[in-house]
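J.: Enclosed is the structure file structure.txt (compact mmCIF, C-alpha atoms).
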# COMPACT_ATOMS: atom_id res chain seq x y z
CA MET S 319 -19.14 1.06 -19.33
CA SER S 320 -20.93 -1.91 -20.86
CA GLU S 321 -21.80 0.19 -23.88
CA LEU S 322 -18.21 1.40 -24.21
CA GLU S 323 -16.99 -2.19 -24.17
CA ARG S 324 -19.67 -3.27 -26.63
CA ARG S 325 -18.56 -0.57 -29.06
CA LYS S 326 -14.87 -1.29 -28.36
CA ILE S 327 -14.26 2.27 -27.17
CA ALA S 328 -11.23 2.55 -24.91
CA TYR S 329 -11.61 4.37 -21.61
CA VAL S 330 -8.58 5.46 -19.63
CA LEU S 331 -8.60 5.97 -15.87
CA LEU S 332 -6.81 9.14 -14.76
CA THR S 333 -6.38 9.58 -11.04
CA SER S 334 -4.34 11.04 -8.20
CA ARG S 335 -4.23 7.56 -6.65
CA THR S 336 -1.32 5.14 -6.72
CA ARG S 337 -1.00 2.14 -9.01
CA GLU S 338 -1.74 -0.20 -6.13
CA GLU S 339 -4.87 1.76 -5.24
CA VAL S 340 -6.08 1.60 -8.84
CA GLU S 341 -5.57 -2.13 -9.31
CA PRO S 342 -8.56 -3.27 -7.14
CA ILE S 343 -10.76 -0.73 -8.93
CA ARG S 344 -9.64 -2.04 -12.32
CA ARG S 345 -10.40 -5.62 -11.25
CA LYS S 346 -13.87 -4.63 -10.10
CA LEU S 347 -14.57 -2.78 -13.36
CA GLY S 348 -12.96 -5.39 -15.59
CA HIS S 349 -10.80 -2.58 -16.92
CA ASN S 350 -8.31 -3.70 -19.59
CA HIS S 351 -7.08 -0.36 -20.91
CA PRO S 352 -4.17 1.94 -19.96
CA PHE S 353 -4.39 4.09 -16.86
CA ILE S 354 -2.63 7.18 -15.51
CA THR S 355 -1.66 7.48 -11.84
CA GLU S 356 -0.57 10.13 -9.35
CA ASN S 357 -1.77 13.13 -11.35
CA GLY S 358 0.16 12.21 -14.48
CA GLY S 359 3.22 10.73 -12.80
CA GLY S 360 3.00 7.41 -14.60
CA ILE S 361 1.22 5.79 -17.55
CA PHE S 362 0.60 2.05 -17.31
CA PHE S 363 -0.20 -0.35 -20.16
CA PRO S 364 -1.56 -3.90 -19.89
CA ASP S 365 0.69 -6.49 -21.55
CA GLY S 366 0.29 -6.55 -25.32
CA TYR S 367 -2.15 -3.63 -25.41
CA PHE S 368 -0.27 -1.92 -28.25
CA SER S 369 1.60 -3.84 -30.92
CA LEU S 370 3.93 -0.89 -31.45
CA ARG S 371 7.00 -0.07 -29.39
CA ILE S 372 6.25 2.38 -26.56
CA PRO S 373 9.10 4.88 -26.20
CA GLY S 374 10.62 4.92 -22.72
CA ALA S 375 8.52 2.00 -21.46
CA VAL S 376 9.90 -0.30 -18.78
CA ARG S 377 8.50 -3.34 -16.99
CA THR S 378 6.66 -2.46 -13.75
CA ALA S 379 4.96 -5.45 -12.08
CA ARG S 380 2.39 -6.75 -14.61
CA TYR S 381 2.54 -3.68 -16.83
CA LEU S 382 4.67 -1.72 -19.19
CA SER S 383 4.99 1.79 -17.80
CA VAL S 384 6.24 5.20 -18.81
CA ALA S 385 7.36 7.37 -15.90
CA GLN S 386 6.75 11.06 -16.43
CA GLY S 387 7.35 12.10 -12.85
CA ARG S 388 10.70 11.89 -11.12
CA PRO S 389 11.21 8.89 -8.79
CA TYR S 390 9.52 8.98 -5.39
CA ALA S 391 12.76 8.65 -3.40
CA GLU S 392 14.19 11.68 -5.19
CA VAL S 393 10.98 13.64 -4.58
CA CYS S 394 10.99 12.85 -0.84
CA GLU S 395 14.66 13.78 -0.52
CA ALA S 396 14.03 17.12 -2.22
CA LEU S 397 10.97 17.80 -0.03
CA ASP S 398 13.04 17.35 3.13
CA GLU S 399 15.99 19.40 1.83
CA ILE S 400 13.84 22.34 0.73
CA ALA S 401 11.85 22.26 3.96
CA GLU S 402 15.07 22.44 5.98
CA GLU S 403 16.44 25.22 3.81
CA CYS S 404 13.25 27.26 4.15
CA ALA S 405 12.96 26.53 7.89
CA VAL S 406 9.48 25.02 7.66
CA GLY S 407 8.14 21.83 9.17
CA VAL S 408 6.56 19.25 6.85
CA ALA S 409 5.04 15.82 7.38
CA GLY S 410 4.83 13.60 4.31
CA PHE S 411 3.64 10.06 3.92
CA HIS S 412 7.27 8.90 4.05
CA HIS S 413 7.52 10.36 7.57
CA MET S 414 4.37 8.61 8.78
CA SER S 415 3.63 5.13 10.03
CA LEU S 416 0.78 3.17 8.48
CA ARG S 417 -1.41 4.09 11.45
CA GLU S 418 -0.58 7.78 11.07
CA VAL S 419 -1.43 7.72 7.35
CA ALA S 420 -4.73 6.02 8.18
CA ASP S 421 -5.50 8.57 10.90
CA ASN S 422 -4.63 11.54 8.69
CA THR S 423 -6.54 10.30 5.64
CA GLY S 424 -9.50 8.57 7.27
CA LEU S 425 -8.63 5.42 5.31
CA ARG S 426 -8.78 1.89 6.66
CA PRO S 427 -5.36 0.33 7.27
CA ARG S 428 -5.35 -1.75 4.06
CA SER S 429 -6.39 1.26 1.97
CA ALA S 430 -3.78 3.40 3.72
CA GLU S 431 -1.14 0.80 2.86
CA LEU S 432 -2.08 1.05 -0.83
CA ALA S 433 -2.02 4.85 -0.65
CA ARG S 434 1.51 4.73 0.79
CA ALA S 435 2.80 2.70 -2.18
CA ARG S 436 3.81 5.85 -4.01
CA GLU S 437 6.00 6.12 -7.08
CA PHE S 438 6.00 9.81 -8.05
CA ASP S 439 4.01 12.18 -5.84
CA GLU S 440 4.29 12.87 -2.10
CA PRO S 441 1.27 14.11 -0.12
CA PHE S 442 2.29 16.25 2.87
CA PHE S 443 1.19 19.03 5.17
CA PHE S 444 3.02 21.89 6.83
CA THR S 445 3.50 21.35 10.55
CA SER S 446 5.03 24.76 11.24
CA ALA S 447 4.97 27.55 8.68
CA ASP S 448 3.27 30.91 8.23
CA ASP S 449 1.97 32.11 4.87
CA GLU S 450 5.25 33.84 4.04
CA ALA S 451 7.26 30.70 4.76
CA VAL S 452 4.90 28.56 2.68
CA ALA S 453 5.24 30.99 -0.24
CA ARG S 454 9.04 30.84 0.13
CA PHE S 455 8.92 27.04 0.11
CA VAL S 456 6.76 26.92 -3.01
CA GLU S 457 9.02 29.35 -4.88
CA THR S 458 12.21 27.53 -3.85
CA ALA S 459 10.72 24.22 -4.98
CA ARG S 460 9.66 25.74 -8.31
CA ALA S 461 13.16 27.12 -8.91
CA ARG S 462 14.53 23.58 -8.49
CA GLY S 463 12.01 22.01 -10.85
CA PHE S 464 9.54 20.72 -8.30
CA ASP S 465 5.80 21.38 -8.19
CA THR S 466 3.93 22.16 -5.00
CA ARG S 467 0.15 22.28 -5.17
CA ARG S 468 -2.55 22.43 -2.58
CA GLY S 469 -5.19 19.70 -2.68
CA PRO S 470 -8.46 19.29 -0.80
CA THR S 471 -6.75 17.46 2.10
CA PHE S 472 -2.97 17.54 1.56
CA TRP S 473 -0.37 19.53 -0.26
CA HIS S 474 1.33 17.52 -3.03
CA PHE S 475 5.01 17.63 -3.97
CA SER S 476 6.31 16.20 -7.23
CA ALA S 477 8.34 16.88 -10.36
CA LYS S 478 7.03 16.60 -13.91
CA CYS S 479 3.74 14.94 -12.92
CA ASP S 480 1.60 16.45 -15.66
CA ALA S 481 -1.81 14.91 -16.37
CA ALA S 482 -2.32 16.96 -19.54
CA ARG S 483 1.01 15.80 -20.95
CA ALA S 484 0.14 12.20 -20.05
CA VAL S 485 -3.18 12.52 -21.89
CA ARG S 486 -1.49 13.93 -24.99
CA SER S 487 1.22 11.24 -24.95
CA LEU S 488 -1.30 8.45 -24.61
CA ALA S 489 -3.52 9.91 -27.33
CA GLN S 490 -0.55 9.95 -29.69
CA LEU S 491 0.09 6.25 -29.03
CA PHE S 492 -3.56 5.44 -29.74
CA ARG S 493 -3.34 7.33 -33.03
CA GLN S 494 -0.16 5.54 -34.06
CA ALA S 495 -1.60 2.14 -33.10
CA THR S 496 -5.02 2.53 -34.72
CA HIS S 497 -4.34 4.87 -37.69
CA ILE S 498 -7.79 6.39 -37.25
CA LYS S 499 -9.01 9.84 -36.35
CA LEU S 500 -9.67 9.85 -32.63
CA ARG S 501 -12.05 11.98 -30.63
CA LEU S 502 -10.84 12.49 -27.08
CA VAL S 503 -13.51 12.89 -24.41
CA GLY S 504 -12.58 13.88 -20.87
CA ILE S 505 -14.82 13.87 -17.80
CA GLY S 506 -13.59 15.51 -14.61
CA ALA S 507 -15.11 16.23 -11.24
CA GLY S 508 -13.19 19.21 -9.84
CA GLU S 509 -11.18 22.31 -10.61
CA GLU S 510 -7.97 20.28 -10.28
CA ASP S 511 -9.03 18.45 -13.48
CA LEU S 512 -9.16 21.60 -15.61
CA PRO S 513 -5.56 21.47 -16.95
CA TRP S 514 -5.94 18.00 -18.47
CA LEU S 515 -9.54 18.64 -19.57
CA ARG S 516 -8.12 21.43 -21.73
CA ALA S 517 -6.07 18.78 -23.55
CA VAL S 518 -9.04 16.85 -24.99
CA ASP S 519 -11.52 17.44 -27.81
CA HIS S 520 -14.69 17.31 -25.73
CA ALA S 521 -14.41 18.19 -22.04
CA ILE S 522 -17.11 17.79 -19.38
CA LEU S 523 -16.88 18.95 -15.77
CA LEU S 524 -19.36 17.31 -13.42
CA PRO S 525 -20.92 19.29 -10.54
CA ASP S 526 -20.08 18.37 -6.96
CA SER S 527 -22.40 16.33 -4.75
CA LYS S 528 -24.32 19.48 -3.81
CA GLY S 529 -24.97 20.21 -7.45
CA ALA S 530 -22.73 23.27 -7.48
CA ALA S 531 -20.94 24.02 -10.72
CA GLU S 532 -19.78 27.21 -12.30
CA PRO S 533 -20.94 28.13 -15.79
CA SER S 534 -18.37 27.61 -18.53
CA GLU S 535 -17.61 31.29 -18.94
CA HIS S 536 -16.52 31.55 -15.29
CA LEU S 537 -14.10 28.62 -15.34
CA PRO S 538 -10.44 29.59 -14.88
CA GLU S 539 -8.47 29.71 -18.12
CA THR S 540 -5.69 27.14 -18.44
CA PRO S 541 -3.41 26.55 -21.41
CA GLY S 542 -4.38 23.75 -23.74
CA ARG S 543 -6.46 22.71 -26.65
CA THR S 544 -10.08 22.92 -25.54
CA ARG S 545 -11.38 26.42 -24.93
CA THR S 546 -14.86 25.38 -23.73
CA ILE S 547 -15.70 22.96 -20.97
CA VAL S 548 -19.31 21.79 -20.81
CA MET S 549 -20.92 21.48 -17.39
CA GLY S 550 -22.45 18.09 -16.62
CA ASP S 551 -26.01 17.74 -15.35
CA SER S 552 -25.40 15.50 -12.34
CA PRO S 553 -22.53 14.56 -10.02
CA GLY S 554 -20.77 11.25 -9.66
CA ALA S 555 -21.60 8.03 -11.47
CA ILE S 556 -25.01 9.27 -12.65
CA GLY S 557 -23.46 12.32 -14.30
CA TRP S 558 -20.64 10.25 -15.82
CA ASN S 559 -23.10 7.72 -17.23
CA LYS S 560 -25.35 10.40 -18.76
CA ALA S 561 -22.43 12.34 -20.24
CA ILE S 562 -20.99 9.26 -21.94
CA LEU S 563 -24.32 8.04 -23.30
CA ASP S 564 -25.17 11.52 -24.60
CA ILE S 565 -21.86 11.63 -26.50
CA ILE S 566 -21.83 8.14 -27.98
CA GLY S 567 -25.60 7.83 -28.38
Represent the structure from my file as structure tokens, please.
T.:
Amino acid sequence: MSELERRKIAYVLLTSRTREEVEPIRRKLGHNHPFITENGGGIFFPDGYFSLRIPGAVRTARYLSVAQGRPYAEVCEALDEIAEECAVGVAGFHHMSLREVADNTGLRPRSAELARAREFDEPFFFTSADDEAVARFVETARARGFDTRRGPTFWHFSAKCDAARAVRSLAQLFRQATHIKLRLVGIGAGEEDLPWLRAVDHAILLPDSKGAAEPSEHLPETPGRTRTIVMGDSPGAIGWNKAILDIIG
């Protein structure tokens, strides 16, 4: 990161976390660049980052933001309506107390509070549903324009949260602001990152903590720009550091 800053190379944080979860991380890193939250739900820009006008941007706390996902209240309302229609039980963060979110996530109370400050995407789990009912729920949600995807811990319910589209939109703003040819580098750490990794010029997928990673030819195909994703050598911060230095070195 020090080398990126020295060379004045922007690095964008892209995460499934909320804006309020990202802010302490940004302070710790000294991060002064845009960031993308809730799997592409929102793009946030520090004040004055671009001199050009950002289409669709509104003031959100200390940032200008562009919402790609539909508002959280609308998402929660749709989740409850579709669950009732499909006769399945669901428990989302908006149903849970702070203590229940902490218990279900393993987070400390303060971290759970930040995770509950959602703007676009609702984590949930099915409390009563067989496979057929879950499939019916997913299809009904899709027909109404909502996305339902299964994550490592929770299911996630949203509309128009698209990390790849967020990456492309942000890249276009960088091009317009700098008038230079940009090379987009993306580093991900799991299969859920594949869609947006396909939207960059140079994509790297880090192995998990056990060192497991599939060779490039076995990665699932997803639509986008990049057809090859390079496997990183090491997981976590070590792998990220080596990948970046190899590219810019």
J.: Tell me which protein, DNA and RNA residues are within 7 Å of Leu416 of chain S, counting all atoms listed in the file, leaving out same-chain ones fewer than 2 positions away, and put them as a list in words.
T.: Met414, Glu418, Val419, Ala420, Pro427, Ala430 and Glu431 of chain S
J.: Write out as a PyMOL selection string which residues come within 7 Å of segment 391-405 of chain S when counting only C-alpha atoms, dropping same-chain ones fewer than 6 positions away.
T.: chain S and resi 440+451+454-455+459+476
J.: Might you pull out every residue within 7 Å of Asp439 of chain S, with all atoms listed in the file counted and same-chain residues fewer than 4 positions away left off, and present them as an MDAnalysis selection string?
T.: chainID S and resid 356 390 474:476
J.: So the first atom is atom CA of Asp448 of chain S and the second is atom CA of Arg417 of chain S; what is the distance between them in Å, to one decimal place?
T.: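 Interatomic distance, atom CA of Asp448 of chain S to atom CA of Arg417 of chain S: 27.4 Å.
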J.: Please identify all polymer residues within 12 Å of Leu382 of chain S, counting all atoms listed in the file, omitting same-chain residues fewer than 3 positions from it, and present them as a VMD selection string.
T.: chain S and resid 351 to 353 360 to 368 371 to 379 385
J.: Pick out the closest residue to His349 of chain S from this set: S:Ser334, S:Gln494, S:Ser320, S:Asn559. Count only C-alpha atoms.
T.: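 Of S:Ser334, S:Gln494, S:Ser320, S:Asn559, the one nearest His349 of chain S is S:Ser320, counting only C-alpha atoms.
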J.: Taking only C-alpha atoms into account, which of S:Val456, S:Leu370, S:Ala521, S:Ala482 comes nearest Ile354 of chain S?
T.: S:Ala482
J.: Nearest residue to Thr471 of chain S out of S:Gly348, S:Gly424, S:Gly508, S:Gly358, using only C-alpha atoms?
T.: S:Gly424
J.: Taking into account all atoms listed in the file, which residue in the set S:Pro441, S:Pro513, S:Gly567, S:Pro342 is nearest to Ile547 of chain S?
T.: S:Pro513
J.: So that I can check the surroundings of Gly387 of chain S, please list as JSON, numbers by chain every protein, DNA and RNA residue that reaches within 6 Å of it, counting only C-alpha atoms and ignoring chain neighbours fewer than 4 positions away.
T.: {"S": [359, 438, 477, 478, 479]}
J.: Taking only C-alpha atoms into account, name the residue in S:Arg344, S:Arg380, S:Arg486, S:Arg468 that is nearest to Leu500 of chain S.
T.: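 Selected residue with least distance to Leu500 of chain S: S:Arg486.
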J.: Kindly assemble as JSON lines a list of the segment 409-528 of chain S residues that lie within 9 Å of segment 549-553 of chain S, each paired with its nearest atom pair and their distance in Å to one decimal, using only C-alpha atoms, sorted first by chain and then by ascending residue number.
T.:
{"residue": "S:Ile505", "atom": "CA", "partner": "S:Gly550", "partner_atom": "CA", "distance": 8.8}
{"residue": "S:Ala507", "atom": "CA", "partner": "S:Pro553", "partner_atom": "CA", "distance": 7.7}
{"residue": "S:Ala521", "atom": "CA", "partner": "S:Met549", "partner_atom": "CA", "distance": 8.7}
{"residue": "S:Ile522", "atom": "CA", "partner": "S:Met549", "partner_atom": "CA", "distance": 5.7}
{"residue": "S:Leu523", "atom": "CA", "partner": "S:Met549", "partner_atom": "CA", "distance": 5.0}
{"residue": "S:Leu524", "atom": "CA", "partner": "S:Gly550", "partner_atom": "CA", "distance": 4.5}
{"residue": "S:Pro525", "atom": "CA", "partner": "S:Pro553", "partner_atom": "CA", "distance": 5.0}
{"residue": "S:Asp526", "atom": "CA", "partner": "S:Pro553", "partner_atom": "CA", "distance": 5.5}
{"residue": "S:Ser527", "atom": "CA", "partner": "S:Pro553", "partner_atom": "CA", "distance": 5.6}
{"residue": "S:Lys528", "atom": "CA", "partner": "S:Pro553", "partner_atom": "CA", "distance": 8.1}
J.: Just to confirm, what's the straight-line distance from atom CA of Ala453 of chain S to atom CA of Thr466 of chain S in Å (one decimal)?
T.: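 Rounded to one decimal, the two atoms are 10.1 Å apart.
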J.: If I take atom CA of Ala409 of chain S and atom CA of Ser446 of chain S, how far is one from the other in Å, to one decimal?
T.: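 About the pair atom CA of Ala409 of chain S and atom CA of Ser446 of chain S: they are 9.7 Å apart.
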J.: S:Val518, S:Ala433, S:Val406, S:Ile562: which is nearest Glu339 of chain S, counting only C-alpha atoms?
T.: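 Closest candidate: S:Ala433.
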J.: Because some atoms of segment 483-517 of chain S are absent here, can you restore N, CA and C atoms and send them as a short mmCIF file (atom, residue, chain, number, x, y, z; two decimals), in the frame of the given file?
T.:
data_model
loop_
_atom_site.label_atom_id
_atom_site.label_comp_id
_atom_site.auth_asym_id
_atom_site.auth_seq_id
_atom_site.Cartn_x
_atom_site.Cartn_y
_atom_site.Cartn_z
N ARG S 483 -0.03 16.38 -20.10
CA ARG S 483 1.01 15.80 -20.95
C ARG S 483 0.83 14.29 -21.08
N ALA S 484 0.40 13.64 -20.00
CA ALA S 484 0.14 12.20 -20.05
C ALA S 484 -1.00 11.90 -21.02
N VAL S 485 -2.05 12.71 -20.99
CA VAL S 485 -3.18 12.52 -21.89
C VAL S 485 -2.74 12.68 -23.34
N ARG S 486 -1.95 13.70 -23.62
CA ARG S 486 -1.49 13.93 -24.99
C ARG S 486 -0.57 12.80 -25.47
N SER S 487 0.31 12.33 -24.59
CA SER S 487 1.22 11.24 -24.95
C SER S 487 0.45 9.96 -25.26
N LEU S 488 -0.52 9.66 -24.41
CA LEU S 488 -1.30 8.45 -24.61
C LEU S 488 -2.17 8.54 -25.86
N ALA S 489 -2.73 9.72 -26.12
CA ALA S 489 -3.52 9.91 -27.33
C ALA S 489 -2.68 9.68 -28.58
N GLN S 490 -1.44 10.14 -28.55
CA GLN S 490 -0.55 9.95 -29.69
C GLN S 490 -0.28 8.46 -29.94
N LEU S 491 -0.12 7.70 -28.88
CA LEU S 491 0.09 6.25 -29.03
C LEU S 491 -1.15 5.59 -29.62
N PHE S 492 -2.34 5.99 -29.17
CA PHE S 492 -3.56 5.44 -29.74
C PHE S 492 -3.64 5.74 -31.24
N ARG S 493 -3.29 6.96 -31.61
CA ARG S 493 -3.34 7.33 -33.03
C ARG S 493 -2.36 6.50 -33.86
N GLN S 494 -1.16 6.32 -33.33
CA GLN S 494 -0.16 5.54 -34.06
C GLN S 494 -0.57 4.07 -34.17
N ALA S 495 -1.23 3.56 -33.13
CA ALA S 495 -1.60 2.14 -33.10
C ALA S 495 -2.83 1.84 -33.97
N THR S 496 -3.76 2.80 -34.05
CA THR S 496 -5.02 2.53 -34.72
C THR S 496 -5.11 3.13 -36.12
N HIS S 497 -4.32 4.18 -36.39
CA HIS S 497 -4.34 4.87 -37.69
C HIS S 497 -5.74 5.39 -38.03
N ILE S 498 -6.47 5.80 -37.01
CA ILE S 498 -7.79 6.39 -37.25
C ILE S 498 -7.86 7.74 -36.54
N LYS S 499 -8.81 8.54 -36.98
CA LYS S 499 -9.01 9.84 -36.35
C LYS S 499 -9.73 9.63 -35.03
N LEU S 500 -9.12 10.06 -33.96
CA LEU S 500 -9.67 9.85 -32.63
C LEU S 500 -10.36 11.11 -32.12
N ARG S 501 -11.39 10.90 -31.34
CA ARG S 501 -12.05 11.98 -30.63
C ARG S 501 -11.86 11.74 -29.14
N LEU S 502 -11.14 12.64 -28.50
CA LEU S 502 -10.84 12.49 -27.08
C LEU S 502 -11.92 13.15 -26.24
N VAL S 503 -12.49 12.39 -25.34
CA VAL S 503 -13.51 12.89 -24.41
C VAL S 503 -12.95 12.80 -23.01
N GLY S 504 -13.05 13.88 -22.25
CA GLY S 504 -12.58 13.88 -20.87
C GLY S 504 -13.69 14.28 -19.92
N ILE S 505 -13.82 13.55 -18.82
CA ILE S 505 -14.82 13.87 -17.80
C ILE S 505 -14.12 14.04 -16.47
N GLY S 506 -14.21 15.23 -15.89
CA GLY S 506 -13.59 15.51 -14.61
C GLY S 506 -14.62 15.89 -13.56
N ALA S 507 -14.16 15.98 -12.33
CA ALA S 507 -15.11 16.23 -11.24
C ALA S 507 -14.68 17.38 -10.33
N GLY S 508 -13.64 18.12 -10.70
CA GLY S 508 -13.19 19.21 -9.84
C GLY S 508 -12.27 20.15 -10.58
N GLU S 509 -12.01 21.30 -9.98
CA GLU S 509 -11.18 22.31 -10.61
C GLU S 509 -9.77 21.79 -10.88
N GLU S 510 -9.31 20.83 -10.07
CA GLU S 510 -7.97 20.28 -10.28
C GLU S 510 -7.88 19.51 -11.61
N ASP S 511 -9.03 19.16 -12.20
CA ASP S 511 -9.03 18.45 -13.48
C ASP S 511 -8.96 19.37 -14.68
N LEU S 512 -9.10 20.67 -14.48
CA LEU S 512 -9.16 21.60 -15.61
C LEU S 512 -7.94 21.54 -16.53
N PRO S 513 -6.71 21.48 -16.03
CA PRO S 513 -5.56 21.47 -16.95
C PRO S 513 -5.61 20.33 -17.96
N TRP S 514 -5.92 19.10 -17.51
CA TRP S 514 -5.94 18.00 -18.47
C TRP S 514 -7.22 17.99 -19.30
N LEU S 515 -8.31 18.53 -18.77
CA LEU S 515 -9.54 18.64 -19.57
C LEU S 515 -9.32 19.56 -20.77
N ARG S 516 -8.42 20.53 -20.61
CA ARG S 516 -8.12 21.43 -21.73
C ARG S 516 -7.34 20.73 -22.83
N ALA S 517 -6.88 19.50 -22.57
CA ALA S 517 -6.07 18.78 -23.55
C ALA S 517 -6.88 17.83 -24.42
#
